[in-house]
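Structure data (mmCIF, C-alpha atoms) from coords36.cif:
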```cif
data_run
#
loop_
_atom_site.label_atom_id
_atom_site.label_comp_id
_atom_site.auth_asym_id
_atom_site.auth_seq_id
_atom_site.Cartn_x
_atom_site.Cartn_y
_atom_site.Cartn_z
CA MET S 585 63.25 19.09 -32.91
CA ASN S 586 64.31 22.57 -31.81
CA LEU S 587 63.74 22.54 -28.06
CA GLU S 588 64.59 26.23 -27.63
CA GLN S 589 61.99 27.32 -30.18
CA LEU S 590 59.38 24.95 -28.79
CA PHE S 591 59.88 26.44 -25.34
CA ILE S 592 59.64 30.02 -26.58
CA LYS S 593 56.50 29.21 -28.54
CA ASN S 594 54.75 27.43 -25.67
CA LYS S 595 55.95 29.37 -22.61
CA GLU S 596 53.01 30.36 -20.42
CA GLN S 597 53.57 34.09 -20.13
CA SER S 598 51.01 34.72 -17.39
CA ILE S 599 53.04 32.98 -14.66
CA SER S 600 56.55 33.92 -13.62
CA GLY S 601 58.78 34.32 -10.60
CA ARG S 602 58.94 32.21 -7.48
CA TYR S 603 55.60 32.85 -5.79
CA LEU S 604 52.95 30.76 -7.50
CA THR S 605 49.58 30.09 -5.90
CA LEU S 606 46.32 28.54 -6.94
CA ASP S 607 45.02 32.02 -7.75
CA GLN S 608 47.29 32.11 -10.80
CA LEU S 609 46.78 28.49 -11.80
CA GLU S 610 43.00 28.22 -11.74
CA PRO S 611 42.41 30.52 -14.77
CA LEU S 612 45.03 28.58 -16.72
CA LEU S 613 43.49 25.25 -15.82
CA ARG S 614 40.06 26.48 -16.89
CA LYS S 615 41.53 27.68 -20.19
CA LEU S 616 43.16 24.29 -20.77
CA ASN S 617 39.94 22.45 -19.91
CA THR S 618 38.50 22.26 -23.41
CA ASN S 619 37.37 18.64 -23.26
CA ASN S 620 36.58 17.90 -19.60
CA GLU S 621 40.22 17.09 -18.81
CA LEU S 622 40.08 18.92 -15.46
CA SER S 623 38.64 17.65 -12.19
CA ILE S 624 38.86 18.37 -8.48
CA ILE S 625 39.95 15.25 -6.60
CA GLY S 626 39.75 16.65 -3.08
CA GLU S 627 40.79 19.44 -0.76
CA SER S 628 43.86 20.56 1.14
CA VAL S 629 43.96 20.97 4.92
CA LEU S 630 42.62 24.53 4.57
CA GLY S 631 39.97 23.59 2.03
CA GLU S 632 41.69 24.62 -1.19
CA PRO S 633 40.88 22.39 -4.19
CA VAL S 634 43.47 19.91 -5.43
CA TYR S 635 43.15 19.64 -9.21
CA LYS S 636 43.85 16.76 -11.54
CA TYR S 637 44.48 17.45 -15.22
CA GLN S 638 44.33 14.37 -17.47
CA ILE S 639 44.86 14.53 -21.21
CA GLY S 640 45.66 12.12 -24.02
CA ASN S 641 44.47 8.64 -24.90
CA GLY S 642 47.71 6.79 -25.46
CA LYS S 643 48.76 3.43 -24.09
CA THR S 644 51.70 4.69 -21.99
CA LYS S 645 50.42 6.32 -18.81
CA ILE S 646 52.45 9.15 -17.26
CA PHE S 647 51.73 10.43 -13.75
CA LEU S 648 53.19 13.81 -12.73
CA TRP S 649 52.83 15.97 -9.63
CA SER S 650 54.34 19.34 -8.73
CA GLN S 651 54.50 21.65 -5.73
CA MET S 652 54.35 18.85 -3.22
CA HIS S 653 56.52 21.41 -1.45
CA GLY S 654 54.64 24.68 -1.68
CA ASN S 655 57.69 26.89 -2.20
CA GLU S 656 58.96 24.85 -5.18
CA SER S 657 57.24 26.40 -8.18
CA THR S 658 59.74 26.10 -11.04
CA THR S 659 58.59 22.68 -12.19
CA THR S 660 54.98 23.89 -12.04
CA LYS S 661 55.85 26.62 -14.54
CA GLY S 662 57.61 24.10 -16.76
CA LEU S 663 54.62 21.78 -16.51
CA PHE S 664 52.23 24.48 -17.76
CA ASP S 665 54.62 25.28 -20.61
CA PHE S 666 54.36 21.59 -21.52
CA PHE S 667 50.55 21.66 -21.20
CA ASN S 668 50.52 24.51 -23.73
CA LEU S 669 52.48 22.32 -26.13
CA LEU S 670 49.94 19.53 -25.70
CA LYS S 671 47.15 22.00 -26.52
CA SER S 672 48.99 23.61 -29.45
CA GLY S 673 47.34 21.53 -32.18
CA SER S 674 50.76 20.75 -33.66
CA GLU S 675 51.80 17.47 -35.21
CA LEU S 676 54.08 16.87 -32.21
CA ALA S 677 51.16 17.43 -29.81
CA ALA S 678 48.96 15.01 -31.74
CA GLN S 679 51.71 12.40 -31.63
CA LEU S 680 52.19 12.79 -27.89
CA LEU S 681 48.47 12.68 -27.15
CA SER S 682 47.95 9.55 -29.24
CA ASN S 683 50.81 7.69 -27.59
CA PHE S 684 50.55 8.86 -23.98
CA THR S 685 47.96 9.56 -21.34
CA PHE S 686 49.16 12.28 -18.98
CA CYS S 687 47.69 12.59 -15.49
CA ALA S 688 49.00 15.59 -13.56
CA LEU S 689 48.44 17.12 -10.14
CA PRO S 690 49.91 20.56 -10.90
CA MET S 691 49.75 21.85 -7.31
CA LEU S 692 49.53 19.12 -4.69
CA ASN S 693 50.12 21.48 -1.75
CA PRO S 694 48.11 24.68 -2.38
CA ASP S 695 48.24 25.70 1.30
CA GLY S 696 52.03 25.53 1.36
CA ALA S 697 52.13 27.40 -1.94
CA ARG S 698 50.08 30.28 -0.54
CA LEU S 699 52.21 30.44 2.63
CA TYR S 700 55.42 29.84 0.62
CA THR S 701 56.49 26.96 2.83
CA ARG S 702 57.89 23.52 2.13
CA VAL S 703 55.32 21.86 4.41
CA ASN S 704 51.52 21.80 4.31
CA ALA S 705 49.19 23.70 6.66
CA ASN S 706 49.72 21.04 9.36
CA GLU S 707 53.49 21.60 9.02
CA VAL S 708 53.98 18.12 7.57
CA ASP S 709 56.46 17.43 4.78
CA LEU S 710 54.29 15.54 2.30
CA ASN S 711 57.40 13.90 0.89
CA ARG S 712 57.88 12.10 4.21
CA ASP S 713 54.28 10.97 4.51
CA SER S 714 54.07 8.28 1.86
CA GLN S 715 53.64 5.43 4.36
CA ASP S 716 51.63 6.92 7.22
CA LEU S 717 49.42 8.97 4.87
CA THR S 718 48.41 11.29 7.69
CA GLN S 719 47.58 14.26 5.44
CA PRO S 720 44.69 14.75 3.00
CA GLU S 721 47.10 15.76 0.21
CA SER S 722 49.16 12.57 0.70
CA LYS S 723 46.00 10.46 0.53
CA LEU S 724 44.91 12.18 -2.68
CA LEU S 725 48.28 11.55 -4.31
CA ARG S 726 48.27 7.89 -3.34
CA LYS S 727 44.66 7.32 -4.44
CA THR S 728 45.33 8.94 -7.82
CA PHE S 729 48.39 6.73 -8.25
CA GLU S 730 46.38 3.60 -7.44
CA ASP S 731 43.44 4.55 -9.66
CA PHE S 732 45.53 5.69 -12.64
CA LYS S 733 48.04 2.80 -12.54
CA PRO S 734 50.86 4.69 -14.27
CA ASP S 735 53.68 3.26 -16.31
CA TYR S 736 56.01 6.10 -15.24
CA CYS S 737 55.98 8.63 -12.41
CA PHE S 738 57.52 12.11 -12.51
CA ASN S 739 58.11 13.64 -9.07
CA LEU S 740 58.75 17.35 -9.72
CA HIS S 741 60.67 19.52 -7.25
CA ASP S 742 62.96 22.54 -6.83
CA GLN S 743 66.25 22.60 -4.98
CA ARG S 744 68.04 25.46 -3.26
CA THR S 745 70.87 27.55 -4.69
CA ILE S 746 73.33 25.81 -2.34
CA PHE S 747 73.60 22.81 -4.67
CA GLY S 748 76.37 22.43 -7.20
CA VAL S 749 77.61 19.71 -9.52
CA ASP S 750 80.09 17.85 -7.31
CA ASP S 751 83.19 20.05 -6.80
CA THR S 752 83.24 21.54 -10.29
CA GLY S 753 82.16 25.04 -9.24
CA LYS S 754 79.13 24.87 -11.53
CA PRO S 755 75.57 25.17 -10.21
CA ALA S 756 73.27 22.17 -10.38
CA THR S 757 70.70 23.72 -12.69
CA MET S 758 68.92 20.40 -13.10
CA SER S 759 69.39 17.30 -10.98
CA PHE S 760 67.76 13.92 -11.31
CA LEU S 761 67.32 10.70 -9.42
CA ALA S 762 66.02 7.23 -10.17
CA PRO S 763 65.05 6.49 -6.56
CA SER S 764 66.10 3.25 -4.94
CA TYR S 765 63.49 0.58 -4.35
CA ASN S 766 65.36 -1.07 -1.45
CA VAL S 767 67.99 -0.30 1.19
CA GLU S 768 70.69 -2.05 -0.84
CA ARG S 769 70.06 0.41 -3.71
CA GLU S 770 69.91 -2.42 -6.22
CA VAL S 771 68.80 -1.97 -9.82
CA ASN S 772 65.79 -3.96 -10.89
CA GLU S 773 63.83 -3.75 -14.14
CA SER S 774 61.69 -0.86 -12.92
CA ARG S 775 64.55 1.27 -11.64
CA LEU S 776 66.58 0.53 -14.77
CA LYS S 777 63.87 2.10 -16.91
CA ALA S 778 64.11 5.32 -14.88
CA ILE S 779 67.91 5.22 -15.01
CA GLU S 780 67.98 4.83 -18.79
CA LEU S 781 65.50 7.66 -19.23
CA ILE S 782 67.54 10.02 -17.04
CA ALA S 783 70.72 9.10 -18.93
CA GLY S 784 68.96 10.09 -22.17
CA ILE S 785 67.69 13.38 -20.73
CA ASN S 786 71.19 14.23 -19.52
CA THR S 787 72.67 13.61 -22.97
CA VAL S 788 70.31 16.22 -24.42
CA LEU S 789 70.72 18.76 -21.58
CA GLN S 790 74.50 18.71 -21.93
CA GLN S 791 74.02 20.53 -25.24
CA TYR S 792 72.38 23.43 -23.38
CA ILE S 793 73.83 23.44 -19.86
CA PRO S 794 77.11 21.54 -20.12
CA GLY S 795 78.38 20.43 -16.73
CA GLN S 796 75.30 21.74 -14.91
CA VAL S 797 73.37 18.50 -14.41
CA GLY S 798 73.68 16.61 -11.13
CA ARG S 799 72.62 13.25 -9.76
CA PHE S 800 70.73 13.29 -6.48
CA ASP S 801 71.58 11.03 -3.54
CA ASP S 802 69.88 7.63 -3.84
CA SER S 803 69.78 6.56 -0.19
CA PHE S 804 66.56 4.63 0.34
CA ASN S 805 63.79 6.11 2.48
CA ILE S 806 60.46 4.33 2.18
CA ASN S 807 58.73 7.40 3.66
CA CYS S 808 59.62 9.38 0.52
CA ILE S 809 57.02 9.16 -2.19
CA GLY S 810 59.47 8.46 -5.03
CA ASP S 811 61.06 5.59 -3.14
CA THR S 812 57.61 4.21 -2.34
CA PHE S 813 56.42 4.26 -5.95
CA GLN S 814 59.70 2.75 -7.14
CA HIS S 815 59.32 0.09 -4.43
CA LEU S 816 55.84 -0.63 -5.80
CA GLY S 817 57.35 -1.37 -9.21
CA VAL S 818 56.66 1.84 -11.15
CA PRO S 819 59.66 3.57 -12.78
CA THR S 820 59.94 6.93 -11.02
CA LEU S 821 62.01 9.98 -11.90
CA LEU S 822 62.79 12.78 -9.46
CA PHE S 823 63.34 16.20 -11.04
CA GLU S 824 65.15 18.87 -9.00
CA ALA S 825 65.09 22.29 -10.66
CA GLY S 826 68.02 24.34 -9.40
CA HIS S 827 69.94 27.54 -9.98
CA PHE S 828 71.08 28.91 -13.32
CA GLN S 829 73.54 31.80 -13.31
CA ASN S 830 71.81 35.01 -12.08
CA ASP S 831 68.40 33.39 -12.45
CA TYR S 832 66.89 33.76 -8.99
CA GLN S 833 63.38 33.89 -10.45
CA ARG S 834 64.02 30.52 -12.17
CA GLU S 835 62.82 31.73 -15.56
CA GLU S 836 65.78 30.12 -17.32
CA THR S 837 65.56 26.93 -15.28
CA ARG S 838 61.91 26.44 -16.22
CA LYS S 839 63.09 26.09 -19.81
CA PHE S 840 65.25 23.12 -18.87
CA VAL S 841 62.33 21.55 -16.99
CA PHE S 842 60.26 21.83 -20.18
CA MET S 843 63.13 20.40 -22.24
CA SER S 844 63.57 17.50 -19.82
CA LEU S 845 59.89 16.59 -19.86
CA LEU S 846 59.62 16.74 -23.63
CA THR S 847 62.89 14.83 -24.14
CA SER S 848 61.78 12.04 -21.84
CA TYR S 849 58.55 11.48 -23.78
CA LYS S 850 60.35 11.67 -27.10
CA LEU S 851 62.75 8.96 -25.90
CA LEU S 852 59.89 6.80 -24.68
CA ASN S 853 57.87 7.34 -27.84
CA GLU S 854 60.77 6.35 -30.06
CA ASN S 855 61.80 3.50 -27.74
CA ASP S 856 65.27 5.04 -27.81
CA VAL S 857 66.83 3.00 -25.02
CA VAL S 858 70.18 4.32 -23.87
CA VAL S 859 73.06 1.91 -24.40
CA ASN S 860 75.10 1.43 -21.20
CA GLY S 861 72.43 3.40 -19.38
CA ILE S 862 73.59 2.52 -15.87
CA GLU S 863 77.16 3.61 -16.61
CA LYS S 864 76.00 6.88 -18.18
CA TYR S 865 73.68 7.53 -15.26
CA LEU S 866 76.40 6.90 -12.68
CA ASN S 867 78.73 9.18 -14.62
CA ILE S 868 76.41 12.12 -13.92
CA PRO S 869 78.26 13.91 -11.08
CA GLN S 870 76.79 13.98 -7.60
CA ASN S 871 74.60 16.87 -6.53
CA LYS S 872 76.41 18.53 -3.56
CA PRO S 873 75.68 21.46 -1.18
CA VAL S 874 78.81 23.49 -2.00
CA PHE S 875 77.47 26.94 -2.95
CA TYR S 876 76.62 30.17 -1.23
CA ASP S 877 74.85 33.05 -2.94
CA PHE S 878 77.69 35.43 -1.95
CA ILE S 879 81.30 34.94 -0.93
CA TYR S 880 83.49 37.84 0.21
CA LYS S 881 87.18 37.03 0.23
CA ASN S 882 90.23 38.66 1.81
CA ILE S 883 88.33 41.09 4.02
CA LYS S 884 90.22 42.79 6.88
CA ILE S 885 88.49 42.80 10.25
CA ASN S 886 89.46 44.01 13.71
CA TYR S 887 88.88 41.14 16.09
CA ASP S 888 89.53 42.02 19.75
CA GLY S 889 92.06 44.62 18.73
CA ILE S 890 93.87 42.32 16.32
CA GLU S 891 93.56 42.88 12.58
CA LYS S 892 93.17 39.75 10.50
CA ILE S 893 92.13 38.75 7.01
CA THR S 894 89.10 36.52 6.70
CA ASN S 895 86.35 35.39 4.34
CA PHE S 896 82.63 35.23 4.89
CA ALA S 897 79.55 34.09 3.02
CA ALA S 898 75.96 35.27 2.75
CA GLN S 899 72.85 33.46 1.66
CA TYR S 900 69.48 34.72 0.55
CA LYS S 901 66.41 33.96 2.61
CA GLU S 902 63.28 34.00 0.50
CA GLU S 903 60.76 35.87 2.63
CA LEU S 904 57.09 36.30 1.77
CA ILE S 905 56.17 39.94 2.39
CA ARG S 906 52.84 41.35 1.18
CA ASN S 907 52.41 38.54 -1.33
CA LYS S 908 55.86 39.02 -2.84
CA ILE S 909 59.01 37.00 -2.37
CA ILE S 910 61.78 39.26 -1.10
CA PHE S 911 65.36 38.03 -1.25
CA ASN S 912 67.17 39.13 1.92
CA ALA S 913 70.85 38.26 2.27
CA TYR S 914 72.19 37.19 5.67
CA ILE S 915 75.70 36.22 6.75
CA VAL S 916 75.83 32.45 7.26
CA GLU S 917 79.52 31.48 7.57
CA ILE S 918 82.78 33.19 8.50
CA GLY S 919 86.20 31.64 8.03
CA ASP S 920 88.23 29.62 5.58
CA LEU S 921 85.39 28.54 3.23
CA THR S 922 87.62 25.94 1.59
CA GLY S 923 85.63 23.86 -0.88
CA ARG S 924 82.85 26.42 -1.10
CA PHE S 925 81.80 28.35 -4.18
CA GLY S 926 79.82 31.55 -4.57
CA HIS S 927 77.28 32.46 -7.20
CA CYS S 928 78.70 35.96 -6.69
CA VAL S 929 82.29 36.32 -5.43
CA TYR S 930 83.96 39.57 -4.35
CA ASP S 931 87.65 39.84 -3.48
CA GLY S 932 88.28 42.66 -1.02
CA ASN S 933 92.06 42.49 -1.43
CA GLY S 934 92.56 43.35 2.23
CA ALA S 935 90.04 46.21 2.47
CA LYS S 936 88.71 46.80 5.99
CA TYR S 937 85.15 45.92 6.99
CA PHE S 938 82.66 48.37 8.56
CA ASP S 939 78.95 48.16 9.31
CA GLU S 940 76.30 50.00 11.32
CA SER S 941 76.62 47.92 14.49
CA HIS S 942 79.66 45.74 15.20
CA ASN S 943 82.22 46.59 12.50
CA ILE S 944 82.75 42.86 12.28
CA PRO S 945 80.64 40.34 10.36
CA LYS S 946 78.27 38.38 12.58
CA LEU S 947 76.25 35.30 11.78
CA ASP S 948 72.60 35.96 10.91
CA GLN S 949 73.04 39.70 10.38
CA LYS S 950 72.00 41.34 7.11
CA ALA S 951 74.76 41.41 4.50
CA SER S 952 74.89 45.21 4.32
CA PHE S 953 78.30 46.75 5.00
CA ARG S 954 81.05 48.86 3.51
CA LEU S 955 84.79 48.55 2.95
CA ASP S 956 87.46 51.19 3.35
CA ASN S 957 88.07 51.13 -0.40
CA ASN S 958 84.78 53.07 -0.72
CA THR S 959 82.82 49.97 -1.74
CA GLU S 960 79.37 49.61 -0.20
CA PHE S 961 77.23 46.47 -0.15
CA VAL S 962 73.48 46.53 0.33
CA ASN S 963 71.63 43.26 0.81
CA GLY S 964 74.63 41.31 -0.43
CA LEU S 965 75.20 43.29 -3.63
CA ILE S 966 77.60 46.11 -4.46
CA LYS S 967 75.76 49.41 -4.37
CA ILE S 968 76.17 51.17 -7.68
#
```
As structure tokens, how would this structure be written, given the file I've shared?
Amino acid sequence: MNLEQLFIKNKEQSISGRYLTLDQLEPLLRKLNTNNELSIIGESVLGEPVYKYQIGNGKTKIFLWSQMHGNESTTTKGLFDFFNLLKSGSELAAQLLSNFTFCALPMLNPDGARLYTRVNANEVDLNRDSQDLTQPESKLLRKTFEDFKPDYCFNLHDQRTIFGVDDTGKPATMSFLAPSYNVEREVNESRLKAIELIAGINTVLQQYIPGQVGRFDDSFNINCIGDTFQHLGVPTLLFEAGHFQNDYQREETRKFVFMSLLTSYKLLNENDVVVNGIEKYLNIPQNKPVFYDFIYKNIKINYDGIEKITNFAAQYKEELIRNKIIFNAYIVEIGDLTGRFGHCVYDGNGAKYFDESHNIPKLDQKASFRLDNNTEFVNGLIKI
């Protein structure tokens, strides 16, 4: 099975980038709805429809949801690429549809998606509302779970560019977690199934992104939806789609989401249980916040009349402006930066810093400056 070719063939070309709202998804859902697979299960806080897409008639029931956090769209793109595969009419599609029933909520938080925020319109993080169920979107997710009675749950998210694979200096392009079901973080039969599946996915991904798969922290929090579903005895997998080199639009990362989904169902379909699954899972390095988007090293500054060499880092803020996501780089740390990595690193070799205001880097100011070696930076990047 050539995963690269399958992705290229089934990639949904009409959606791309980071800003993904219901406006783009509704035409796709209607196109996919060839046999009454689509339904509206309720509304968001602001009255937007929450869609369910259910397809297949197989014994193994898979429940997936994406954009629980409205500004996390990469897994949604990968999910629609996978939907296209299921609708392709291929032998592989027929096999999947005869062995699985897929129930998906492709955009759980349409209000947050439109506003490009993590939270919903009531400013509630839906992934901390699994017990109190204060929000309409949380109630819809829980009711669908209870009605569908899945055999596996796939909790699909994005993570920020700050995350790397332990201290290796490689970005965490994909990270996974088999959530704990109790405070002691024990492994029962349900959690073991999720662990073994993640170990199998990682084995495949290492062929494509070696060293760029992380393991998310498994501290137990019953308010998180994945922990709740694992606690209720359903094997649950958390996907965290992260940064691939120079891929701020997450068009490369969506490919690895697609690969991970397809690989997991292939493993389940073939009952390909991973030997020593727990050991292989625990050998996936920890996901750690060790990256900045930009690091500038060995920059000379004049601090109270004293010249010194320092380093500083900048990070993009993703800002929604006129329905587009604009990446604006701001200075976030100044100093030693030991143990930190940059997706883009510039060594000033002692060149002196100048800017339009202070002639010294300040926290929270735009990363636009120049050096006395005639190098100019605009919004974090070298001006060419």
Skipping near chain neighbours, those fewer than 5 positions away, what residues fall within 7 Å of Ala913 of chain S using all atoms listed in the file, listed as a ChimeraX atom specification?
/S:898-901,950-951,963-964
The PyMOL selection byres ((chain S and resi 707-718) around 8) applied to the shown file, residues as a list in words:
Met652, His653, Arg702, Val703, Asn704, Ala705, Asn706, Gln719, Pro720, Glu721, Ser722, Lys723, Arg726, Ile806, Asn807, Cys808, Ile809 and Thr812 of chain S
Around the point (78.1, 48.4, 1.3) (coordinates from the file), which residues reach within 10 Å if we count only C-alpha atoms? Answer as a ChimeraX atom specification.
/S:937-939,951-956,958-968
Nearest to Lys645 of chain S: which of S:Thr757, S:Thr685, S:Asn871, S:Asn739 is it, counting all atoms listed in the file?
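Smallest distance to Lys645 of chain S is found for S:Thr685.
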Nearest residue to Leu821 of chain S out of S:Pro633, S:Gly654, S:Pro763, S:Gly753, using all atoms listed in the file?
S:Pro763
Quick one: pull the distance between atom CA of Gly919 of chain S and atom CA of Phe878 of chain S, Å, one decimal.
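Separation of atom CA of Gly919 of chain S and atom CA of Phe878 of chain S: 13.7 Å.
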Target residues per the PyMOL selection byres ((chain S and resi 932) around 10), formatted as a PyMOL selection string
chain S and resi 880-884+893-895+929-931+933-937+955-957+959
Print the selection's residues with C-alpha atoms to a file, as a JSON list (two decimals), in the frame of the given file.
```
[["chain", "number", "residue", "atom", "x", "y", "z"],
["S", 880, "TYR", "CA", 83.49, 37.84, 0.21],
["S", 881, "LYS", "CA", 87.18, 37.03, 0.23],
["S", 882, "ASN", "CA", 90.23, 38.66, 1.81],
["S", 883, "ILE", "CA", 88.33, 41.09, 4.02],
["S", 884, "LYS", "CA", 90.22, 42.79, 6.88],
["S", 893, "ILE", "CA", 92.13, 38.75, 7.01],
["S", 894, "THR", "CA", 89.10, 36.52, 6.70],
["S", 895, "ASN", "CA", 86.35, 35.39, 4.34],
["S", 929, "VAL", "CA", 82.29, 36.32, -5.43],
["S", 930, "TYR", "CA", 83.96, 39.57, -4.35],
["S", 931, "ASP", "CA", 87.65, 39.84, -3.48],
["S", 933, "ASN", "CA", 92.06, 42.49, -1.43],
["S", 934, "GLY", "CA", 92.56, 43.35, 2.23],
["S", 935, "ALA", "CA", 90.04, 46.21, 2.47],
["S", 936, "LYS", "CA", 88.71, 46.80, 5.99],
["S", 937, "TYR", "CA", 85.15, 45.92, 6.99],
["S", 955, "LEU", "CA", 84.79, 48.55, 2.95],
["S", 956, "ASP", "CA", 87.46, 51.19, 3.35],
["S", 957, "ASN", "CA", 88.07, 51.13, -0.40],
["S", 959, "THR", "CA", 82.82, 49.97, -1.74]]
```
Step by step, work through what the PyMOL selection byres ((chain S and resi 949) around 6) selects in the shown file, and finish by giving those residues as number ranges by chain.
S: 914-915, 946-948, 950
